[in-house]
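> If it helps, the file is called run12.txt and holds compact mmCIF, C-alpha atoms:
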```txt
# COMPACT_ATOMS: atom_id res chain seq x y z
CA MET A 1018 -41.26 8.93 6.85
CA ILE A 1019 -40.33 7.09 3.65
CA ILE A 1020 -36.92 8.34 2.56
CA LYS A 1021 -35.94 8.37 -1.11
CA PRO A 1022 -32.73 9.69 -2.69
CA ARG A 1023 -32.96 13.27 -3.94
CA VAL A 1024 -29.89 14.16 -5.97
CA ARG A 1025 -28.99 17.76 -6.73
CA GLY A 1026 -25.89 18.17 -8.83
CA PHE A 1027 -23.03 16.33 -7.14
CA VAL A 1028 -24.76 15.78 -3.79
CA CYS A 1029 -27.68 13.78 -2.46
CA VAL A 1030 -29.71 15.94 -0.06
CA THR A 1031 -31.32 13.01 1.75
CA ALA A 1032 -29.80 10.11 3.68
CA HIS A 1033 -31.28 6.83 4.93
CA PRO A 1034 -30.36 5.92 8.55
CA ASP A 1035 -30.83 2.17 8.16
CA GLY A 1036 -28.98 2.18 4.85
CA CYS A 1037 -26.05 4.13 6.31
CA ALA A 1038 -25.84 1.64 9.19
CA ALA A 1039 -25.86 -1.23 6.68
CA HIS A 1040 -23.09 0.45 4.66
CA VAL A 1041 -20.95 0.78 7.80
CA GLY A 1042 -21.75 -2.87 8.56
CA GLU A 1043 -20.40 -3.90 5.15
CA TRP A 1044 -17.08 -2.17 5.85
CA ILE A 1045 -16.86 -3.69 9.33
CA THR A 1046 -17.43 -7.17 7.89
CA LEU A 1047 -14.76 -6.61 5.24
CA VAL A 1048 -12.16 -5.41 7.76
CA LYS A 1049 -12.90 -8.30 10.13
CA ALA A 1050 -12.56 -10.79 7.29
CA LYS A 1051 -9.03 -9.56 6.58
CA GLY A 1052 -7.93 -10.62 10.05
CA PRO A 1053 -6.20 -8.70 12.84
CA ILE A 1054 -3.57 -6.04 12.14
CA THR A 1055 -0.37 -7.06 13.91
CA ASN A 1056 1.00 -4.40 16.30
CA GLY A 1057 -1.72 -1.97 15.23
CA PRO A 1058 -2.82 1.17 17.10
CA LYS A 1059 -4.73 1.05 20.37
CA LYS A 1060 -6.08 4.58 20.77
CA VAL A 1061 -6.90 6.50 17.61
CA LEU A 1062 -8.15 10.01 16.88
CA VAL A 1063 -9.63 10.48 13.39
CA ILE A 1064 -10.15 14.10 12.35
CA GLY A 1065 -12.79 13.98 9.62
CA ALA A 1066 -14.32 10.61 10.52
CA SER A 1067 -17.88 10.64 9.21
CA THR A 1068 -17.55 9.35 5.63
CA GLY A 1069 -15.07 8.04 3.06
CA TYR A 1070 -11.47 7.40 3.98
CA GLY A 1071 -11.84 8.92 7.45
CA LEU A 1072 -14.71 6.61 8.39
CA ALA A 1073 -12.89 3.65 6.83
CA SER A 1074 -9.80 4.52 8.89
CA ARG A 1075 -11.81 4.51 12.09
CA ILE A 1076 -13.43 1.18 11.22
CA THR A 1077 -10.06 -0.33 10.30
CA ALA A 1078 -8.53 0.77 13.61
CA ALA A 1079 -11.49 -0.38 15.69
CA PHE A 1080 -12.24 -3.71 14.03
CA GLY A 1081 -8.82 -4.58 12.59
CA SER A 1082 -6.75 -3.54 15.60
CA HIS A 1083 -9.34 -3.50 18.41
CA ALA A 1084 -8.45 0.15 19.02
CA ALA A 1085 -10.50 2.62 21.01
CA THR A 1086 -11.38 5.41 18.58
CA LEU A 1087 -12.67 8.96 18.65
CA GLY A 1088 -14.02 10.60 15.50
CA VAL A 1089 -14.21 14.37 15.04
CA PHE A 1090 -16.45 15.81 12.32
CA PHE A 1091 -19.02 18.44 11.44
CA GLU A 1092 -22.34 16.86 10.54
CA ARG A 1093 -25.96 17.91 10.87
CA PRO A 1094 -28.74 16.07 12.76
CA SER A 1095 -32.20 15.72 11.30
CA GLU A 1096 -34.75 18.52 11.40
CA GLU A 1097 -38.48 18.58 10.81
CA GLY A 1098 -39.03 17.32 7.26
CA ARG A 1099 -35.30 16.86 6.59
CA THR A 1100 -33.02 13.89 7.22
CA ALA A 1101 -29.66 14.16 8.95
CA THR A 1102 -26.47 14.13 6.91
CA PRO A 1103 -25.07 10.68 6.07
CA GLY A 1104 -22.08 11.22 8.36
CA TRP A 1105 -24.45 11.66 11.31
CA TYR A 1106 -26.11 8.31 10.61
CA ASN A 1107 -22.78 6.63 9.80
CA THR A 1108 -21.36 7.57 13.18
CA ILE A 1109 -24.39 6.29 15.03
CA GLY A 1110 -24.09 3.05 13.08
CA PHE A 1111 -20.44 2.81 14.16
CA THR A 1112 -20.90 3.51 17.95
CA ILE A 1113 -19.23 6.40 19.75
CA ARG A 1114 -16.26 5.98 22.13
CA ALA A 1115 -14.79 8.65 24.39
CA ASP A 1116 -12.14 9.32 27.04
CA LEU A 1117 -9.19 7.90 25.13
CA GLY A 1118 -6.40 9.49 27.11
CA GLN A 1119 -3.16 9.56 25.09
CA VAL A 1120 -3.56 8.56 21.45
CA ASP A 1121 -1.01 6.60 19.43
CA LEU A 1122 -2.42 7.42 15.98
CA VAL A 1123 -3.92 10.63 14.63
CA VAL A 1124 -5.59 10.42 11.22
CA TYR A 1125 -6.26 13.69 9.42
CA SER A 1126 -8.93 13.21 6.76
CA LEU A 1127 -10.79 16.50 6.37
CA ALA A 1128 -12.23 17.59 3.02
CA SER A 1129 -14.18 20.75 3.78
CA PRO A 1130 -15.45 23.53 1.52
CA ARG A 1131 -14.72 26.15 4.19
CA ARG A 1132 -12.81 26.77 7.39
CA THR A 1133 -13.21 29.35 10.09
CA HIS A 1134 -9.68 30.14 11.23
CA PRO A 1135 -9.48 29.47 14.99
CA LEU A 1136 -7.16 32.42 15.63
CA THR A 1137 -8.41 35.13 13.27
CA GLY A 1138 -12.07 34.16 12.92
CA VAL A 1139 -11.79 34.67 9.15
CA VAL A 1140 -13.91 32.30 7.05
CA HIS A 1141 -11.89 30.84 4.16
CA LYS A 1142 -13.68 29.14 1.26
CA SER A 1143 -11.97 26.64 -1.03
CA VAL A 1144 -12.43 26.55 -4.82
CA LEU A 1145 -11.88 23.88 -7.46
CA LYS A 1146 -10.05 25.82 -10.15
CA PRO A 1147 -6.95 25.63 -12.34
CA VAL A 1148 -4.02 27.95 -11.73
CA GLY A 1149 -2.50 30.29 -14.31
CA ALA A 1150 -4.72 29.54 -17.31
CA PRO A 1151 -8.28 28.45 -18.14
CA TYR A 1152 -8.91 24.71 -18.35
CA THR A 1153 -11.19 22.86 -20.74
CA ASN A 1154 -11.86 19.12 -20.78
CA LYS A 1155 -14.55 16.48 -20.72
CA THR A 1156 -16.76 15.91 -17.73
CA VAL A 1157 -19.91 13.93 -16.98
CA ASP A 1158 -23.17 14.66 -15.23
CA THR A 1159 -23.28 11.42 -13.26
CA ASP A 1160 -27.00 11.75 -12.54
CA LYS A 1161 -28.13 12.43 -16.11
CA GLY A 1162 -25.35 10.52 -17.87
CA ILE A 1163 -24.47 13.42 -20.15
CA VAL A 1164 -20.87 13.84 -21.28
CA SER A 1165 -20.00 17.45 -22.00
CA THR A 1166 -17.13 19.90 -22.08
CA VAL A 1167 -16.38 22.07 -19.08
CA SER A 1168 -14.32 25.25 -19.10
CA ILE A 1169 -13.06 26.75 -15.85
CA GLU A 1170 -11.38 30.10 -15.38
CA PRO A 1171 -8.16 30.20 -13.34
CA ALA A 1172 -8.21 31.00 -9.64
CA SER A 1173 -7.24 34.39 -8.29
CA GLU A 1174 -4.37 34.74 -5.82
CA GLN A 1175 -6.91 35.20 -3.03
CA GLU A 1176 -8.76 32.02 -4.03
CA ILE A 1177 -5.47 30.12 -4.05
CA ALA A 1178 -4.63 31.43 -0.57
CA ASP A 1179 -8.11 30.63 0.74
CA THR A 1180 -8.05 27.09 -0.65
CA THR A 1181 -4.66 26.49 0.96
CA ALA A 1182 -6.03 27.82 4.25
CA VAL A 1183 -8.89 25.30 4.06
CA MET A 1184 -7.22 22.25 2.50
CA GLY A 1185 -3.55 22.78 3.37
CA GLY A 1186 -1.53 21.63 6.35
CA GLU A 1187 -2.02 24.40 8.92
CA ASP A 1188 -5.07 22.83 10.53
CA TRP A 1189 -3.33 19.44 10.81
CA GLU A 1190 -0.33 21.14 12.44
CA MET A 1191 -2.57 22.99 14.88
CA TRP A 1192 -4.26 19.74 15.92
CA ILE A 1193 -0.94 17.98 16.53
CA ASN A 1194 0.57 20.93 18.36
CA ALA A 1195 -2.48 21.21 20.60
CA LEU A 1196 -2.40 17.49 21.37
CA ALA A 1197 1.33 17.67 22.12
CA GLU A 1198 0.91 20.67 24.42
CA ALA A 1199 -1.88 18.89 26.28
CA LYS A 1200 0.33 15.78 26.57
CA LEU A 1201 -2.26 13.69 24.74
CA LEU A 1202 0.20 12.11 22.28
CA ALA A 1203 1.54 8.76 23.44
CA PRO A 1204 5.33 8.27 23.05
CA GLY A 1205 5.97 7.01 19.52
CA ALA A 1206 2.60 8.26 18.25
CA LYS A 1207 2.06 8.34 14.49
CA SER A 1208 0.01 10.63 12.30
CA VAL A 1209 -1.15 10.31 8.69
CA ALA A 1210 -2.97 12.68 6.37
CA TYR A 1211 -4.57 11.70 3.07
CA SER A 1212 -3.86 13.09 -0.38
CA TYR A 1213 -4.22 12.30 -4.06
CA ILE A 1214 -2.00 12.74 -7.11
CA GLY A 1215 -3.75 10.94 -9.96
CA PRO A 1216 -3.03 10.84 -13.70
CA GLU A 1217 -2.07 13.70 -15.97
CA VAL A 1218 -5.61 13.99 -17.38
CA THR A 1219 -6.75 15.37 -13.99
CA TRP A 1220 -3.68 17.46 -13.11
CA ALA A 1221 -4.88 20.83 -14.41
CA ILE A 1222 -7.91 20.76 -12.13
CA TYR A 1223 -6.31 18.77 -9.32
CA ARG A 1224 -2.56 18.33 -8.86
CA ASN A 1225 -1.63 21.61 -10.57
CA GLY A 1226 -4.82 23.39 -9.52
CA THR A 1227 -5.88 25.03 -6.27
CA ILE A 1228 -6.36 21.71 -4.47
CA GLY A 1229 -2.93 20.51 -5.56
CA LEU A 1230 -1.27 23.64 -4.19
CA ALA A 1231 -3.10 23.07 -0.92
CA LYS A 1232 -1.86 19.47 -0.89
CA ASN A 1233 1.69 20.75 -1.38
CA ASP A 1234 1.21 22.68 1.85
CA LEU A 1235 -0.08 19.48 3.46
CA GLU A 1236 3.21 17.83 2.52
CA ARG A 1237 5.12 20.75 4.05
CA ALA A 1238 3.18 20.24 7.26
CA SER A 1239 3.92 16.52 7.18
CA LYS A 1240 7.65 17.18 7.48
CA ALA A 1241 7.16 19.59 10.40
CA ILE A 1242 4.85 17.18 12.21
CA ASP A 1243 7.22 14.29 11.56
CA SER A 1244 10.03 16.18 13.30
CA LEU A 1245 7.79 16.90 16.29
CA LEU A 1246 6.67 13.29 16.60
CA ARG A 1247 10.18 11.88 16.19
CA ALA A 1248 11.19 13.98 19.18
CA ASN A 1249 8.23 12.47 21.04
CA GLY A 1250 9.57 8.96 21.52
CA GLY A 1251 10.36 8.15 17.91
CA GLY A 1252 6.98 8.74 16.32
CA SER A 1253 6.41 9.68 12.69
CA ALA A 1254 4.09 11.48 10.28
CA PHE A 1255 3.54 11.07 6.59
CA ILE A 1256 1.15 11.57 3.69
CA ALA A 1257 -0.74 8.58 2.29
CA VAL A 1258 -1.65 8.98 -1.38
CA ASN A 1259 -4.86 7.03 -1.86
CA LYS A 1260 -6.78 5.75 -4.84
CA ALA A 1261 -9.44 7.79 -6.63
CA LEU A 1262 -12.82 6.74 -5.23
CA VAL A 1263 -16.38 8.02 -5.21
CA SER A 1264 -16.72 10.48 -2.33
CA GLN A 1265 -18.57 13.68 -1.60
CA ALA A 1266 -15.34 15.56 -2.26
CA SER A 1267 -14.40 13.85 -5.55
CA SER A 1268 -17.96 14.15 -6.88
CA ALA A 1269 -17.62 17.93 -6.76
CA ILE A 1270 -14.47 18.10 -8.90
CA PRO A 1271 -15.09 18.53 -12.66
CA VAL A 1272 -13.47 15.84 -14.85
CA VAL A 1273 -12.76 13.52 -11.90
CA PRO A 1274 -16.11 11.62 -11.89
CA LEU A 1275 -15.62 10.70 -15.55
CA TYR A 1276 -12.07 9.55 -14.80
CA ILE A 1277 -13.30 7.44 -11.86
CA SER A 1278 -16.01 5.85 -14.00
CA ILE A 1279 -13.41 4.78 -16.56
CA LEU A 1280 -10.97 3.66 -13.86
CA TYR A 1281 -13.59 1.48 -12.16
CA LYS A 1282 -14.35 -0.26 -15.45
CA ILE A 1283 -10.69 -1.13 -15.98
CA MET A 1284 -9.75 -2.12 -12.44
CA LYS A 1285 -12.87 -4.22 -11.87
CA ALA A 1286 -12.08 -6.12 -15.08
CA GLN A 1287 -8.55 -6.75 -13.77
CA GLY A 1288 -9.80 -7.73 -10.31
CA THR A 1289 -7.73 -4.96 -8.67
CA HIS A 1290 -10.49 -2.55 -7.65
CA GLU A 1291 -10.53 -1.48 -3.99
CA GLY A 1292 -13.03 0.59 -2.06
CA CYS A 1293 -12.39 2.80 0.97
CA ALA A 1294 -12.34 -0.07 3.48
CA GLU A 1295 -9.97 -2.20 1.39
CA GLN A 1296 -7.65 0.76 0.87
CA MET A 1297 -7.47 1.63 4.58
CA GLN A 1298 -7.06 -1.98 5.66
CA ARG A 1299 -4.13 -2.32 3.26
CA LEU A 1300 -2.67 1.01 4.37
CA PHE A 1301 -2.76 0.04 8.04
CA SER A 1302 -1.65 -3.57 7.69
CA THR A 1303 1.02 -3.31 4.98
CA GLN A 1304 2.31 0.25 5.48
CA ILE A 1305 1.69 2.11 8.74
CA TYR A 1306 2.13 -0.97 10.92
CA ALA A 1307 4.27 -3.08 8.62
CA PRO A 1308 7.45 -4.55 10.15
CA GLY A 1309 10.16 -1.98 9.51
CA GLY A 1310 7.65 0.79 8.86
CA PRO A 1311 6.06 2.10 5.66
CA THR A 1312 7.64 2.18 2.22
CA LEU A 1313 7.98 5.78 1.05
CA ASP A 1314 8.32 7.21 -2.45
CA GLY A 1315 10.85 9.89 -3.43
CA GLY A 1316 8.64 12.57 -1.90
CA GLY A 1317 8.37 10.78 1.44
CA ARG A 1318 4.80 9.61 0.77
CA VAL A 1319 3.13 6.23 1.18
CA ARG A 1320 1.49 5.13 -2.06
CA VAL A 1321 -1.64 3.00 -1.85
CA ASP A 1322 -2.65 4.36 -5.25
CA ASP A 1323 -0.12 1.93 -6.72
CA LEU A 1324 -2.67 -0.31 -8.43
CA GLU A 1325 -4.48 2.68 -9.93
CA MET A 1326 -1.25 4.14 -11.28
CA LYS A 1327 0.04 0.96 -12.93
CA PRO A 1328 1.16 1.86 -16.48
CA ASP A 1329 -1.24 -0.58 -18.15
CA VAL A 1330 -4.20 0.79 -16.19
CA GLN A 1331 -3.36 4.40 -17.07
CA ALA A 1332 -2.72 3.47 -20.71
CA SER A 1333 -6.23 1.99 -20.85
CA VAL A 1334 -7.70 5.14 -19.31
CA ALA A 1335 -5.86 7.29 -21.85
CA LYS A 1336 -7.19 5.15 -24.69
CA ILE A 1337 -10.82 5.29 -23.55
CA TRP A 1338 -10.90 8.95 -22.50
CA PRO A 1339 -11.15 10.61 -25.97
CA GLU A 1340 -13.68 8.04 -27.15
CA VAL A 1341 -16.29 8.57 -24.42
CA THR A 1342 -19.55 10.24 -25.44
CA THR A 1343 -23.00 10.42 -23.93
CA GLU A 1344 -24.10 7.65 -26.29
CA ASN A 1345 -21.38 5.14 -25.34
CA LEU A 1346 -20.90 6.18 -21.69
CA ALA A 1347 -22.53 3.03 -20.29
CA ALA A 1348 -20.48 0.74 -22.55
CA LEU A 1349 -17.04 2.33 -22.11
CA THR A 1350 -17.23 3.24 -18.42
CA ASP A 1351 -18.62 1.92 -15.17
CA ILE A 1352 -21.02 4.81 -14.72
CA ALA A 1353 -23.50 2.35 -13.19
CA GLY A 1354 -20.95 1.40 -10.55
CA TYR A 1355 -20.21 5.06 -9.90
CA ARG A 1356 -23.90 5.77 -9.30
CA THR A 1357 -24.21 2.75 -7.03
CA GLU A 1358 -21.28 3.85 -4.87
CA PHE A 1359 -22.52 7.44 -4.83
CA LEU A 1360 -25.95 6.46 -3.51
CA LYS A 1361 -24.47 4.03 -0.97
CA MET A 1362 -22.66 6.98 0.63
CA PHE A 1363 -26.12 8.29 1.55
CA GLY A 1364 -27.50 4.91 2.62
CA PHE A 1365 -29.37 3.97 -0.55
CA GLY A 1366 -29.17 0.76 -2.58
CA LEU A 1367 -28.05 -1.46 0.31
CA PRO A 1368 -29.28 -5.06 0.29
CA GLY A 1369 -31.70 -6.05 3.03
CA ILE A 1370 -33.15 -2.55 3.49
CA ASP A 1371 -36.83 -1.97 2.78
CA TYR A 1372 -36.78 1.46 1.18
CA GLU A 1373 -40.57 1.52 0.94
CA ALA A 1374 -40.94 1.23 4.72
CA GLU A 1375 -41.43 4.11 7.11
CA VAL A 1376 -38.23 4.98 9.00
CA GLU A 1377 -37.51 7.36 11.86
CA PRO A 1378 -35.09 10.06 10.61
CA HIS A 1379 -34.58 11.64 14.05
CA VAL A 1380 -31.80 9.45 15.43
CA LEU A 1381 -29.80 10.77 18.36
CA MET A 1382 -26.17 10.11 19.29
CA LEU A 1383 -25.93 8.58 22.75
```
Please, can you express the file's structure as structure tokens?

Amino acid sequence: MIIKPRVRGFVCVTAHPDGCAAHVGEWITLVKAKGPITNGPKKVLVIGASTGYGLASRITAAFGSHAATLGVFFERPSEEGRTATPGWYNTIGFTIRADLGQVDLVVYSLASPRRTHPLTGVVHKSVLKPVGAPYTNKTVDTDKGIVSTVSIEPASEQEIADTTAVMGGEDWEMWINALAEAKLLAPGAKSVAYSYIGPEVTWAIYRNGTIGLAKNDLERASKAIDSLLRANGGGSAFIAVNKALVSQASSAIPVVPLYISILYKIMKAQGTHEGCAEQMQRLFSTQIYAPGGPTLDGGGRVRVDDLEMKPDVQASVAKIWPEVTTENLAALTDIAGYRTEFLKMFGFGLPGIDYEAEVEPHVLML
């Protein structure tokens, strides 16, 4: 079949297998070009490994540190008349490895809309809402290029609890505890989970919203896991705060796509823009496996959002933000770059791929 992008809201419902493989190939080439990571991991488990930072982490470990890797994820294969999810094709493009034995790095990079609790069987659903008061601000329809105002009612206590159950730290803790009990953590093993803080313009819907409260619980879990790993041969656990990038998760958050479009414009002009692969390669090489260990902020977090959060960058964002309209969106932001990165997540817009050619969507994992 000939596969074209079909975008509905903040998601593309089709994915191109050859394009996804090419996208993975780009990240592999980038990581290889950066050179080997000194004293990097050798056996790595990535929980949430099919796209974005999780996939980039797996690629960085495998091709920057020659590590054996295992990725865990929930993705859907193709069905009659419907392509597989991009994560399915991404993983096939990467190559599957198994039978790791003890792992020396566990990456937790899940961003799920729901979670079935393994003990209670209860299905918890996360929401993207402010807490305490309604929130109104600008947002953008990235497909249509329309800037508008969005108003969101505050979350209920149940919605807050459910979002924390999905996006908080309990699941990460349960993974580490299970690995420890099964003696699958190598002495000195490390673990890292990913988070985001961002600028004040996004705080009401992110840092101070339901997701932010869930991330606070992730930080709580980090301290508990760190204690467990330190007792296991001097290991460690921490949160890595990453840069805002186009992902399936960020695309769903009101306000954030407009912020990212402005941010890309500024950072590309400065020559400081990084994608997922660049971010993870820098995290591994200059933080997790840096001589003497990572540099932590006052909250015990590693910050690879440092270039994004530079005062001059954020001052430029704050200056542009109130000026953006539908009419000047293309001039004041990098909405074109946002759309390009969005479609690349689903395997579209990659050089060297004939998108007019017939392609087999039913690709199996071997």
> What is the atom CA of Val1164 of chain A to atom CA of Ala1032 of chain A distance in Å?
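Atom CA of Ala1032 of chain A lies at a distance of 26.8 Å from atom CA of Val1164 of chain A.
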> Which residues are close to segment 1284-1294 of chain A, i.e. within 9 Å by all atoms listed in the file, leaving aside same-chain residues fewer than 5 positions away? Reply as a list in words.
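Contacts, in chain order: Trp1044, Ile1045, Leu1047, Val1048, Gly1069, Tyr1070, Gly1071, Leu1072, Ala1073, Ser1074, Ile1076, Thr1077, Lys1260, Leu1262, Val1263, Ile1279, Arg1299, Leu1324, Glu1325 and Val1330 of chain A.
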> Pull C-alpha atoms from the residues just selected and write them as a short mmCIF file (atom, residue, chain, number, x, y, z; two decimals), in the frame of the given file.

```
data_model
loop_
_atom_site.label_atom_id
_atom_site.label_comp_id
_atom_site.auth_asym_id
_atom_site.auth_seq_id
_atom_site.Cartn_x
_atom_site.Cartn_y
_atom_site.Cartn_z
CA TRP A 1044 -17.08 -2.17 5.85
CA ILE A 1045 -16.86 -3.69 9.33
CA LEU A 1047 -14.76 -6.61 5.24
CA VAL A 1048 -12.16 -5.41 7.76
CA GLY A 1069 -15.07 8.04 3.06
CA TYR A 1070 -11.47 7.40 3.98
CA GLY A 1071 -11.84 8.92 7.45
CA LEU A 1072 -14.71 6.61 8.39
CA ALA A 1073 -12.89 3.65 6.83
CA SER A 1074 -9.80 4.52 8.89
CA ILE A 1076 -13.43 1.18 11.22
CA THR A 1077 -10.06 -0.33 10.30
CA LYS A 1260 -6.78 5.75 -4.84
CA LEU A 1262 -12.82 6.74 -5.23
CA VAL A 1263 -16.38 8.02 -5.21
CA ILE A 1279 -13.41 4.78 -16.56
CA ARG A 1299 -4.13 -2.32 3.26
CA LEU A 1324 -2.67 -0.31 -8.43
CA GLU A 1325 -4.48 2.68 -9.93
CA VAL A 1330 -4.20 0.79 -16.19
#
```
> Report, in Å with one decimal, the straight-line distance from atom CA of Ile1214 of chain A to atom CA of Thr1159 of chain A.
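Those two atoms sit 22.2 Å apart.
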> To one decimal place, how far is atom CA of Gly1149 of chain A from atom CA of Pro1171 of chain A in Å?
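Atom-to-atom, atom CA of Gly1149 of chain A and atom CA of Pro1171 of chain A are spaced 5.7 Å apart.
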> Identify which of the residues A:Thr1133, A:Thr1312, A:Asn1345, A:Ser1168 lies closest to Val1272 of chain A, counting only C-alpha atoms when measuring atom-to-atom distances.
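The closest residue to Val1272 of chain A is A:Ser1168.
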